[in-house]
Amino acid sequence: IEKEILEKAFLNHEKQVELDRCFVDLERNIRIDKNDSSSRMPIKRSVVQSSDYTALRPERFYASQKLTKSFSNQTTTDGRFINEWKRQNRGRPMNELLERAADGIAKEGTRLSEPIEAKWIADELRSLKNKPNEEIEMNVVSIYTRESFLYRLVNATLRENDLSKLENLGPFCWLLFHCDCSSTFRSFGYADTLYRGADLDNTTIESYKQAIGLVKT
């Protein structure tokens, strides 16, 4: 997201850009730390081919999943985060969902000292109002998969079923949950099972084996 902000500023011939942790002087190509103006780093604008990225991003794709809650033999997940948001917010129109998602993410970003990145995300969501569902789906997935605070926060919230985030993150999670990726992304040529890595110790692995068929509560 920071790259998007910088590129837009560059194309608009802006002289300086403020990011959440630094200022970027586009005339002198210098990154200046907000907390220490003497800390400066040269930057360079370059075109990078997508094929240049070959390694997985460990924080996103290989995150540690420690067992922090217990298993039970309950057979329903109706109390989980997305279903709880659905129960409280049935029948809301798409434009309202986008506005509430944007507003909630802006609030969470401010709380995490990421207001500029959060504003970019909020603006992107608001720009999707009155757009076709397919375009909305593609952009919601794009926003979630970008390197930002949002995917970390969403993942942690859903993993821990943190209902304190229901008001702020519920709308975006609902939009993401309802993305029909199988049709929207068919042109990308993949329609199969998706796996992810996990860094687990032997004790945690064994606990999952013993809990097959149960629900993590």
# chains A, B, ... in the order shown; residues from 1 in each chain; ligands from 1
call {"tool": "closest_atom_pairs", "arguments": {"of": "range 127-190 of chain A", "to": "range 4-22 of chain A", "cutoff": "12 Å", "atoms": "only C-alpha atoms", "output": "CSV"}}
result
residue,atom,partner,partner_atom,distance
A:Ile143,CA,A:Glu4,CA,11.7
A:Arg146,CA,A:Glu4,CA,10.4
A:Glu147,CA,A:Glu4,CA,11.1
A:Ser148,CA,A:Asp20,CA,11.3
A:Phe149,CA,A:Asp20,CA,11.3
call {"tool": "select_by_dssp", "arguments": {"residues": "range 10-174 of chain A", "states": "strand (DSSP E or B)", "output": "ChimeraX atom specification"}}
result
/A:16-18,22-25,30-33,40-42,71-72
call {"tool": "closest_residue", "arguments": {"among": "A:Ser207, A:His178, A:Val47, A:Leu166", "to": "Asn89 in chain A", "atoms": "only C-alpha atoms"}}
result
A:Leu166
call {"tool": "residues_around", "arguments": {"residues": "Leu175 in chain A", "least_positions_apart": "2", "cutoff": "8 Å", "atoms": "only C-alpha atoms", "output": "list of chain:residue names"}}
result
A:Leu97, A:Glu137, A:Val140, A:Pro171, A:Phe172, A:Cys173, A:Phe177, A:His178, A:Cys179
call {"tool": "atom_distance", "arguments": {"atom1": "CA of Glu124 in chain A", "atom2": "CA of Arg152 in chain A"}}
result
18.6 Å
call {"tool": "residues_around", "arguments": {"residues": "range 115-118 of chain A", "least_positions_apart": "5", "cutoff": "6 Å", "atoms": "only C-alpha atoms", "output": "PyMOL selection string"}}
result
chain A and resi 20+106+109-110
call {"tool": "atom_distance", "arguments": {"atom1": "CA of Phe81 in chain A", "atom2": "CA of Gly197 in chain A"}}
result
23.1 Å
